[in-house]
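The next block is structure-v1.json, given as JSON, C-alpha atoms.
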```
[["chain", "number", "residue", "atom", "x", "y", "z"],
["G", 1, "MET", "CA", 25.36, -32.74, -19.79],
["G", 2, "LYS", "CA", 21.71, -33.46, -20.44],
["G", 3, "THR", "CA", 19.35, -30.52, -20.03],
["G", 4, "PRO", "CA", 16.69, -31.36, -17.41],
["G", 5, "PRO", "CA", 13.08, -31.31, -18.62],
["G", 6, "VAL", "CA", 10.69, -28.54, -17.71],
["G", 7, "VAL", "CA", 8.06, -29.71, -15.21],
["G", 8, "HIS", "CA", 4.79, -27.78, -15.15],
["G", 9, "GLY", "CA", 2.66, -27.37, -12.06],
["G", 10, "SER", "CA", -0.23, -25.25, -10.83],
["G", 11, "PHE", "CA", -2.14, -24.69, -7.62],
["G", 12, "THR", "CA", -4.81, -22.45, -6.13],
["G", 13, "ILE", "CA", -4.99, -21.23, -2.53],
["G", 14, "GLU", "CA", -8.04, -19.53, -1.05],
["G", 15, "ARG", "CA", -8.07, -17.50, 2.14],
["G", 16, "THR", "CA", -10.84, -15.51, 3.81],
["G", 17, "TYR", "CA", -9.69, -12.52, 5.85],
["G", 18, "LYS", "CA", -11.58, -10.34, 8.31],
["G", 19, "ALA", "CA", -10.49, -7.25, 6.40],
["G", 20, "SER", "CA", -11.87, -5.29, 3.48],
["G", 21, "PRO", "CA", -10.52, -5.81, -0.06],
["G", 22, "ALA", "CA", -8.92, -2.35, 0.21],
["G", 23, "ARG", "CA", -6.95, -3.43, 3.30],
["G", 24, "VAL", "CA", -5.83, -6.70, 1.74],
["G", 25, "PHE", "CA", -4.84, -4.88, -1.46],
["G", 26, "ALA", "CA", -2.84, -2.39, 0.61],
["G", 27, "ALA", "CA", -1.00, -5.28, 2.27],
["G", 28, "TRP", "CA", 0.21, -6.30, -1.19],
["G", 29, "SER", "CA", 0.87, -2.83, -2.60],
["G", 30, "ASP", "CA", 2.48, -1.09, 0.40],
["G", 31, "VAL", "CA", 6.13, -2.08, 0.72],
["G", 32, "GLU", "CA", 6.29, -1.64, 4.50],
["G", 33, "THR", "CA", 3.26, -3.84, 5.12],
["G", 34, "LYS", "CA", 4.37, -6.46, 2.61],
["G", 35, "ALA", "CA", 7.78, -6.59, 4.30],
["G", 36, "GLN", "CA", 6.04, -7.96, 7.40],
["G", 37, "TRP", "CA", 4.58, -11.05, 5.72],
["G", 38, "PHE", "CA", 6.29, -11.65, 2.35],
["G", 39, "ILE", "CA", 9.48, -13.10, 3.81],
["G", 40, "GLY", "CA", 11.32, -16.37, 4.14],
["G", 41, "PRO", "CA", 11.08, -18.54, 7.30],
["G", 42, "PRO", "CA", 12.06, -16.06, 10.05],
["G", 43, "ASP", "CA", 14.19, -18.60, 11.94],
["G", 44, "ARG", "CA", 16.36, -19.45, 8.92],
["G", 45, "TRP", "CA", 16.13, -16.59, 6.44],
["G", 46, "THR", "CA", 17.54, -13.05, 6.48],
["G", 47, "LEU", "CA", 16.79, -10.14, 4.17],
["G", 48, "VAL", "CA", 19.47, -8.85, 1.80],
["G", 49, "LYS", "CA", 17.46, -6.45, -0.39],
["G", 50, "ARG", "CA", 13.83, -5.57, -1.08],
["G", 51, "GLU", "CA", 12.32, -3.33, -3.78],
["G", 52, "LEU", "CA", 8.71, -2.79, -4.86],
["G", 53, "ASP", "CA", 7.57, -0.68, -7.81],
["G", 54, "PHE", "CA", 3.86, -1.46, -7.62],
["G", 55, "ARG", "CA", 2.42, -0.46, -11.00],
["G", 56, "VAL", "CA", 1.74, -2.10, -14.33],
["G", 57, "GLY", "CA", 5.21, -2.67, -15.78],
["G", 58, "GLY", "CA", 6.79, -2.17, -12.37],
["G", 59, "GLN", "CA", 9.16, -4.69, -10.85],
["G", 60, "GLU", "CA", 9.61, -6.31, -7.45],
["G", 61, "LEU", "CA", 12.74, -7.80, -5.93],
["G", 62, "LEU", "CA", 13.16, -9.88, -2.81],
["G", 63, "HIS", "CA", 16.71, -11.11, -2.16],
["G", 64, "GLY", "CA", 17.33, -13.18, 0.94],
["G", 65, "GLN", "CA", 19.74, -15.70, 2.37],
["G", 66, "PHE", "CA", 19.33, -19.02, 4.18],
["G", 67, "GLY", "CA", 21.72, -19.55, 7.06],
["G", 68, "GLY", "CA", 24.32, -17.24, 5.55],
["G", 69, "LYS", "CA", 24.94, -19.83, 2.83],
["G", 70, "HIS", "CA", 22.78, -19.90, -0.29],
["G", 71, "SER", "CA", 20.69, -16.98, -1.54],
["G", 72, "THR", "CA", 17.10, -16.80, -2.78],
["G", 73, "VAL", "CA", 16.11, -14.22, -5.37],
["G", 74, "PHE", "CA", 12.50, -13.44, -6.33],
["G", 75, "THR", "CA", 12.07, -11.03, -9.26],
["G", 76, "ALA", "CA", 8.62, -10.09, -10.57],
["G", 77, "ARG", "CA", 6.98, -7.82, -13.11],
["G", 78, "TYR", "CA", 3.36, -6.66, -12.74],
["G", 79, "HIS", "CA", 1.20, -7.06, -15.84],
["G", 80, "ASP", "CA", -2.27, -6.17, -14.52],
["G", 81, "ILE", "CA", -3.43, -4.25, -11.47],
["G", 82, "ILE", "CA", -7.04, -3.36, -10.65],
["G", 83, "PRO", "CA", -7.07, -1.69, -7.22],
["G", 84, "ASN", "CA", -8.88, -3.71, -4.55],
["G", 85, "GLU", "CA", -9.79, -6.39, -7.11],
["G", 86, "ARG", "CA", -6.93, -8.10, -8.94],
["G", 87, "MET", "CA", -3.18, -8.38, -9.54],
["G", 88, "VAL", "CA", -1.38, -10.45, -12.17],
["G", 89, "TYR", "CA", 2.39, -10.78, -12.18],
["G", 90, "ALA", "CA", 5.08, -13.03, -13.62],
["G", 91, "TYR", "CA", 8.08, -13.96, -11.50],
["G", 92, "ASP", "CA", 11.39, -15.80, -11.58],
["G", 93, "MET", "CA", 12.75, -17.72, -8.62],
["G", 94, "SER", "CA", 16.46, -18.47, -8.21],
["G", 95, "VAL", "CA", 18.16, -20.39, -5.40],
["G", 96, "GLY", "CA", 21.94, -20.09, -5.17],
["G", 97, "ASP", "CA", 23.23, -20.08, -8.75],
["G", 98, "LYS", "CA", 20.24, -22.09, -10.04],
["G", 99, "HIS", "CA", 17.34, -20.52, -11.98],
["G", 100, "LEU", "CA", 14.64, -22.62, -10.37],
["G", 101, "SER", "CA", 11.35, -21.56, -11.93],
["G", 102, "VAL", "CA", 9.23, -19.10, -13.91],
["G", 103, "SER", "CA", 5.65, -18.49, -12.76],
["G", 104, "LEU", "CA", 2.49, -16.59, -13.60],
["G", 105, "ALA", "CA", 0.55, -15.58, -10.48],
["G", 106, "THR", "CA", -2.97, -14.15, -10.19],
["G", 107, "VAL", "CA", -4.43, -12.65, -7.02],
["G", 108, "GLU", "CA", -8.19, -12.05, -6.95],
["G", 109, "LEU", "CA", -9.97, -10.22, -4.12],
["G", 110, "HIS", "CA", -13.70, -10.75, -3.55],
["G", 111, "ALA", "CA", -15.72, -8.86, -0.94],
["G", 112, "THR", "CA", -17.72, -11.08, 1.40],
["G", 113, "LYS", "CA", -21.17, -10.31, 2.78],
["G", 114, "THR", "CA", -19.67, -9.80, 6.25],
["G", 115, "GLY", "CA", -17.23, -7.10, 5.10],
["G", 116, "GLY", "CA", -14.24, -9.38, 4.73],
["G", 117, "THR", "CA", -12.28, -10.60, 1.72],
["G", 118, "ARG", "CA", -12.02, -13.94, -0.04],
["G", 119, "MET", "CA", -8.59, -13.99, -1.66],
["G", 120, "VAL", "CA", -7.95, -16.47, -4.46],
["G", 121, "PHE", "CA", -4.32, -17.00, -5.46],
["G", 122, "THR", "CA", -3.50, -19.07, -8.54],
["G", 123, "GLU", "CA", 0.02, -19.92, -9.68],
["G", 124, "GLN", "CA", 1.08, -21.63, -12.90],
["G", 125, "ALA", "CA", 4.75, -22.59, -12.70],
["G", 126, "ALA", "CA", 7.44, -23.97, -14.99],
["G", 127, "PHE", "CA", 10.13, -25.70, -12.89],
["G", 128, "LEU", "CA", 13.39, -25.68, -14.81],
["G", 129, "ASP", "CA", 15.45, -28.19, -12.81],
["G", 130, "GLY", "CA", 13.49, -31.27, -13.85],
["G", 131, "GLU", "CA", 11.86, -31.63, -10.43],
["G", 132, "ASP", "CA", 8.18, -31.07, -9.60],
["G", 133, "GLY", "CA", 8.31, -28.31, -7.00],
["G", 134, "THR", "CA", 4.57, -27.69, -6.93],
["G", 135, "ARG", "CA", 3.93, -29.03, -3.43],
["G", 136, "SER", "CA", 6.85, -27.20, -1.87],
["G", 137, "ARG", "CA", 5.90, -23.93, -3.61],
["G", 138, "GLU", "CA", 2.29, -24.25, -2.47],
["G", 139, "GLU", "CA", 3.36, -24.86, 1.14],
["G", 140, "GLY", "CA", 5.71, -21.86, 1.10],
["G", 141, "THR", "CA", 3.03, -19.62, -0.41],
["G", 142, "ALA", "CA", 0.48, -20.78, 2.17],
["G", 143, "ALA", "CA", 2.94, -19.80, 4.92],
["G", 144, "HIS", "CA", 3.07, -16.28, 3.45],
["G", 145, "PHE", "CA", -0.72, -16.04, 3.59],
["G", 146, "ASP", "CA", -0.82, -17.30, 7.19],
["G", 147, "ARG", "CA", 1.54, -14.45, 8.14],
["G", 148, "LEU", "CA", -0.64, -12.02, 6.17],
["G", 149, "ALA", "CA", -3.63, -13.03, 8.31],
["G", 150, "LEU", "CA", -1.71, -12.21, 11.49],
["G", 151, "ILE", "CA", -0.65, -8.81, 10.12],
["G", 152, "LEU", "CA", -4.21, -7.90, 9.12],
["G", 153, "GLU", "CA", -5.49, -8.87, 12.58],
["G", 154, "SER", "CA", -2.85, -6.96, 14.56],
["G", 155, "SER", "CA", -2.14, -3.85, 12.46],
["G", 156, "ARG", "CA", -2.44, -0.39, 14.02],
["G", 157, "ASP", "CA", -2.23, 1.22, 10.58],
["G", 158, "LEU", "CA", -4.80, 2.61, 8.19],
["G", 159, "ILE", "CA", -3.41, 2.84, 4.66],
["G", 160, "SER", "CA", -5.11, 4.74, 1.83],
["G", 161, "SER", "CA", -3.60, 5.15, -1.62],
["G", 162, "ARG", "CA", -4.67, 6.78, -4.87],
["G", 163, "LEU", "CA", -3.06, 7.28, -8.29],
["G", 164, "ILE", "CA", -3.58, 10.97, -9.05],
["G", 165, "ASP", "CA", -3.62, 12.16, -12.66],
["G", 166, "ALA", "CA", -1.14, 15.00, -12.13],
["G", 167, "PRO", "CA", 2.65, 15.41, -11.80],
["G", 168, "ARG", "CA", 4.15, 14.97, -8.35],
["G", 169, "GLU", "CA", 5.09, 18.66, -7.99],
["G", 170, "GLN", "CA", 1.47, 19.70, -8.58],
["G", 171, "VAL", "CA", 0.10, 17.15, -6.12],
["G", 172, "TYR", "CA", 2.59, 18.27, -3.48],
["G", 173, "ALA", "CA", 1.81, 21.94, -4.16],
["G", 174, "ALA", "CA", -1.89, 21.26, -3.57],
["G", 175, "PHE", "CA", -0.93, 20.40, 0.01],
["G", 176, "SER", "CA", 1.99, 22.76, 0.65],
["G", 177, "ASP", "CA", 0.03, 25.82, -0.53],
["G", 178, "PRO", "CA", -2.54, 26.55, 2.21],
["G", 179, "GLU", "CA", -4.75, 28.48, -0.20],
["G", 180, "GLN", "CA", -5.15, 25.31, -2.24],
["G", 181, "LEU", "CA", -5.23, 22.96, 0.73],
["G", 182, "THR", "CA", -8.18, 24.66, 2.38],
["G", 183, "LEU", "CA", -10.25, 24.05, -0.76],
["G", 184, "TRP", "CA", -10.05, 20.24, -0.75],
["G", 185, "TRP", "CA", -8.92, 19.00, 2.66],
["G", 186, "GLY", "CA", -11.41, 16.86, 4.54],
["G", 187, "PRO", "CA", -14.42, 14.65, 3.74],
["G", 188, "GLN", "CA", -17.02, 15.59, 1.15],
["G", 189, "GLY", "CA", -18.87, 18.79, 2.03],
["G", 190, "SER", "CA", -16.48, 19.94, 4.76],
["G", 191, "THR", "CA", -14.87, 23.40, 4.88],
["G", 192, "ASN", "CA", -11.77, 24.69, 6.68],
["G", 193, "THR", "CA", -10.59, 27.84, 8.40],
["G", 194, "PHE", "CA", -6.83, 27.81, 8.97],
["G", 195, "GLU", "CA", -5.40, 29.60, 12.00],
["G", 196, "GLN", "CA", -1.81, 28.34, 11.67],
["G", 197, "PHE", "CA", 0.05, 26.45, 8.93],
["G", 198, "GLU", "CA", 3.82, 26.10, 9.36],
["G", 199, "LEU", "CA", 5.07, 23.49, 6.92],
["G", 200, "ARG", "CA", 8.40, 22.65, 8.56],
["G", 201, "PRO", "CA", 9.59, 20.15, 11.17],
["G", 202, "GLY", "CA", 8.14, 21.28, 14.50],
["G", 203, "GLY", "CA", 5.66, 23.59, 12.75],
["G", 204, "LYS", "CA", 2.03, 23.78, 13.87],
["G", 205, "TRP", "CA", -1.09, 23.23, 11.81],
["G", 206, "ARG", "CA", -4.22, 24.43, 13.58],
["G", 207, "PHE", "CA", -7.57, 24.87, 11.90],
["G", 208, "THR", "CA", -11.31, 24.47, 12.33],
["G", 209, "MET", "CA", -13.12, 22.01, 10.11],
["G", 210, "GLN", "CA", -16.85, 22.32, 9.61],
["G", 211, "SER", "CA", -18.68, 19.21, 8.44],
["G", 212, "ALA", "CA", -21.40, 19.14, 5.79],
["G", 213, "GLU", "CA", -23.92, 18.90, 8.66],
["G", 214, "GLY", "CA", -22.53, 22.03, 10.33],
["G", 215, "ALA", "CA", -20.57, 20.45, 13.20],
["G", 216, "ARG", "CA", -17.29, 22.24, 13.97],
["G", 217, "TYR", "CA", -14.07, 20.45, 14.94],
["G", 218, "ALA", "CA", -10.88, 22.10, 16.23],
["G", 219, "MET", "CA", -7.84, 20.39, 14.70],
["G", 220, "ASP", "CA", -4.35, 20.47, 16.23],
["G", 221, "LYS", "CA", -1.49, 18.93, 14.25],
["G", 222, "GLU", "CA", 2.30, 19.16, 14.25],
["G", 223, "PHE", "CA", 4.68, 18.57, 11.34],
["G", 224, "ILE", "CA", 7.34, 16.03, 12.30],
["G", 225, "GLU", "CA", 9.14, 15.62, 8.97],
["G", 226, "VAL", "CA", 8.95, 17.50, 5.67],
["G", 227, "VAL", "CA", 10.81, 16.36, 2.55],
["G", 228, "PRO", "CA", 9.46, 18.56, -0.28],
["G", 229, "ALA", "CA", 7.61, 16.64, -3.00],
["G", 230, "GLU", "CA", 8.48, 13.33, -1.34],
["G", 231, "ARG", "CA", 7.20, 12.88, 2.20],
["G", 232, "ILE", "CA", 5.34, 14.67, 5.01],
["G", 233, "VAL", "CA", 4.87, 13.23, 8.51],
["G", 234, "ILE", "CA", 2.23, 14.75, 10.79],
["G", 235, "GLN", "CA", 1.38, 14.13, 14.43],
["G", 236, "HIS", "CA", -2.32, 14.52, 15.15],
["G", 237, "HIS", "CA", -3.08, 15.76, 18.69],
["G", 238, "GLN", "CA", -6.67, 15.28, 19.78],
["G", 239, "GLN", "CA", -8.32, 14.41, 23.06],
["G", 240, "THR", "CA", -10.35, 11.66, 21.41],
["G", 241, "HIS", "CA", -7.45, 9.95, 19.61],
["G", 242, "HIS", "CA", -3.83, 10.34, 18.59],
["G", 243, "PHE", "CA", -2.16, 9.14, 15.42],
["G", 244, "GLU", "CA", 0.83, 9.78, 13.21],
["G", 245, "MET", "CA", 0.15, 10.30, 9.52],
["G", 246, "ARG", "CA", 2.73, 9.88, 6.77],
["G", 247, "MET", "CA", 2.06, 11.14, 3.27],
["G", 248, "ASP", "CA", 4.24, 9.74, 0.48],
["G", 249, "PHE", "CA", 4.37, 11.23, -3.03],
["G", 250, "ALA", "CA", 5.82, 8.94, -5.75],
["G", 251, "ASP", "CA", 6.04, 9.17, -9.53],
["G", 252, "GLU", "CA", 4.19, 6.62, -11.64],
["G", 253, "GLY", "CA", 4.92, 7.79, -15.15],
["G", 254, "ALA", "CA", 3.26, 11.20, -15.59],
["G", 255, "ARG", "CA", 0.98, 10.54, -12.62],
["G", 256, "THR", "CA", 1.51, 10.48, -8.85],
["G", 257, "ARG", "CA", 0.93, 7.74, -6.31],
["G", 258, "LEU", "CA", -0.23, 9.39, -3.09],
["G", 259, "THR", "CA", -0.19, 7.12, -0.04],
["G", 260, "TRP", "CA", -1.41, 8.01, 3.44],
["G", 261, "ARG", "CA", -0.36, 5.82, 6.36],
["G", 262, "MET", "CA", -2.08, 6.60, 9.67],
["G", 263, "ARG", "CA", -0.62, 4.78, 12.67],
["G", 264, "PHE", "CA", -2.73, 4.76, 15.83],
["G", 265, "GLU", "CA", -1.65, 4.00, 19.39],
["G", 266, "SER", "CA", -3.49, 0.67, 19.62],
["G", 267, "LYS", "CA", -5.43, -1.87, 17.60],
["G", 268, "ASP", "CA", -8.59, -1.05, 19.56],
["G", 269, "GLU", "CA", -8.28, 2.63, 18.75],
["G", 270, "VAL", "CA", -7.89, 2.08, 15.03],
["G", 271, "GLU", "CA", -10.91, -0.23, 14.93],
["G", 272, "LYS", "CA", -13.10, 2.44, 16.54],
["G", 273, "VAL", "CA", -12.53, 4.85, 13.66],
["G", 274, "ARG", "CA", -11.66, 2.54, 10.76],
["G", 275, "GLY", "CA", -14.99, 2.72, 8.92],
["G", 276, "PHE", "CA", -15.28, 6.49, 9.06],
["G", 277, "VAL", "CA", -11.62, 7.27, 8.37],
["G", 278, "GLU", "CA", -11.25, 4.92, 5.39],
["G", 279, "ALA", "CA", -14.37, 6.42, 3.77],
["G", 280, "ALA", "CA", -13.28, 9.98, 4.62],
["G", 281, "ASN", "CA", -9.83, 9.42, 3.09],
["G", 282, "GLU", "CA", -11.36, 8.21, -0.17],
["G", 283, "GLN", "CA", -13.59, 11.31, -0.25],
["G", 284, "ASN", "CA", -10.51, 13.43, 0.43],
["G", 285, "PHE", "CA", -8.71, 11.86, -2.54],
["G", 286, "ASP", "CA", -11.79, 12.51, -4.69],
["G", 287, "ARG", "CA", -11.74, 16.18, -3.70],
["G", 288, "LEU", "CA", -8.02, 16.48, -4.39],
["G", 289, "ALA", "CA", -8.39, 14.93, -7.86],
["G", 290, "ALA", "CA", -11.30, 17.24, -8.66],
["G", 291, "HIS", "CA", -9.37, 20.28, -7.41],
["G", 292, "LEU", "CA", -6.34, 19.50, -9.58],
["G", 293, "ALA", "CA", -8.55, 18.82, -12.62],
["G", 294, "SER", "CA", -10.29, 22.17, -12.15],
["G", 295, "ARG", "CA", -6.93, 23.98, -12.11],
["G", 296, "VAL", "CA", -5.98, 22.30, -15.39],
["G", 297, "ARG", "CA", -9.26, 23.40, -16.97],
["G", 298, "ALA", "CA", -8.82, 26.94, -15.68],
["G", 299, "ALA", "CA", -5.30, 27.16, -17.17],
["G", 300, "ARG", "CA", -6.49, 26.28, -20.67],
["G", 301, "PRO", "CA", -6.77, 29.20, -23.12]]
```
Re-express the file's structure as structure tokens.
Amino acid sequence: MKTPPVVHGSFTIERTYKASPARVFAAWSDVETKAQWFIGPPDRWTLVKRELDFRVGGQELLHGQFGGKHSTVFTARYHDIIPNERMVYAYDMSVGDKHLSVSLATVELHATKTGGTRMVFTEQAAFLDGEDGTRSREEGTAAHFDRLALILESSRDLISSRLIDAPREQVYAAFSDPEQLTLWWGPQGSTNTFEQFELRPGGKWRFTMQSAEGARYAMDKEFIEVVPAERIVIQHHQQTHHFEMRMDFADEGARTRLTWRMRFESKDEVEKVRGFVEAANEQNFDRLAAHLASRVRAARP
């Protein structure tokens, strides 16, 4: 049997989204968000298995099935990740028992003057079945990005993520120990006075936060779920707004990926606070990183 020739193809797709580069990056890096748009045609395709290890050297798997008959398997490895700017990954695509293609994909995120993002996706593919699948691949990829636009426009979530240079147990302890938590929680310049901190499902967390300008805010939260060193879910009770916050702690080598997902009651509500909350979360991560670094320095002989 004659081996079919390799057919090479490449294409570039550009999209402009009304969302910041950080939000678009989160839609790629957060497995729950990506599961809403990186899928096969919803009317014909069903999910079998999904995995995402979003780090340099990490792998991604998307296994689906068309009409209960033949399967599709996407397997990728990430080679370059610059948060909010760029991703480069290589991936294999198989359909049924056929290894269809090998591709190199680059995603570039550029901030626009209006606060949005121009996303440039470039794929260079080697089709192994002797057929030029460039047009079909481009159309399928464009459909993904159309779904991504809908998700970005309708999401009630705010997602913030940071790779912390400390082991997971230390990052978790910085939150679970109230003496540490009070030192770094909140935006830059804020201070906290804790009245109640019960880290258990149903436990209360009540405290007063004072901003750098001197304004005082009474905070009322409830712990919904606590899985030590893995996950904490908090319900925020406030007259002005309500949201549920999930904190995920994940190993990335010797470091820790800390992800905060804040889900508000409506799209309108999240848009009212998006600018402030996204900036405040980044400041909070900065304070946490500085706190952990200071403890390392203090422990040195």
**OP:** Tell me, as a PyMOL selection string, which residues lie within 8 Å of region 58-73 of chain G, counting only C-alpha atoms; anything in the same chain fewer than 3 positions away does not count.
**Re:** chain G and resi 40+44-55+76-78+92-96
Original post:
In Å, with one decimal, what is the gap from CA of Phe121 (chain G) to CA of Glu14 (chain G)?
Top reply: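 Value for the CA of Phe121 (chain G)-CA of Glu14 (chain G) distance: 6.3 Å.
Reported to one decimal place, the separation of CA of Ala254 (chain G) from CA of Val296 (chain G) is 14.4 Å.
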**OP:** Identify, on the basis of only C-alpha atoms, every residue whose closest approach to Phe175 (chain G) does not exceed 12 Å; exclude the query and any residue fewer than 5 positions from it along the same chain; express the result as number ranges by chain.
**Re:** G: 168-170, 180-186, 197-199, 226, 228-232, 247-249, 258, 284-285, 288, 291-292
**OP:** Could you tell me which of G:Val233, G:Ala298, G:Val171, G:Ala215 comes closest to Gly203 (chain G) if we count all atoms listed in the file?
**Re:**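 Closest candidate: G:Val233.
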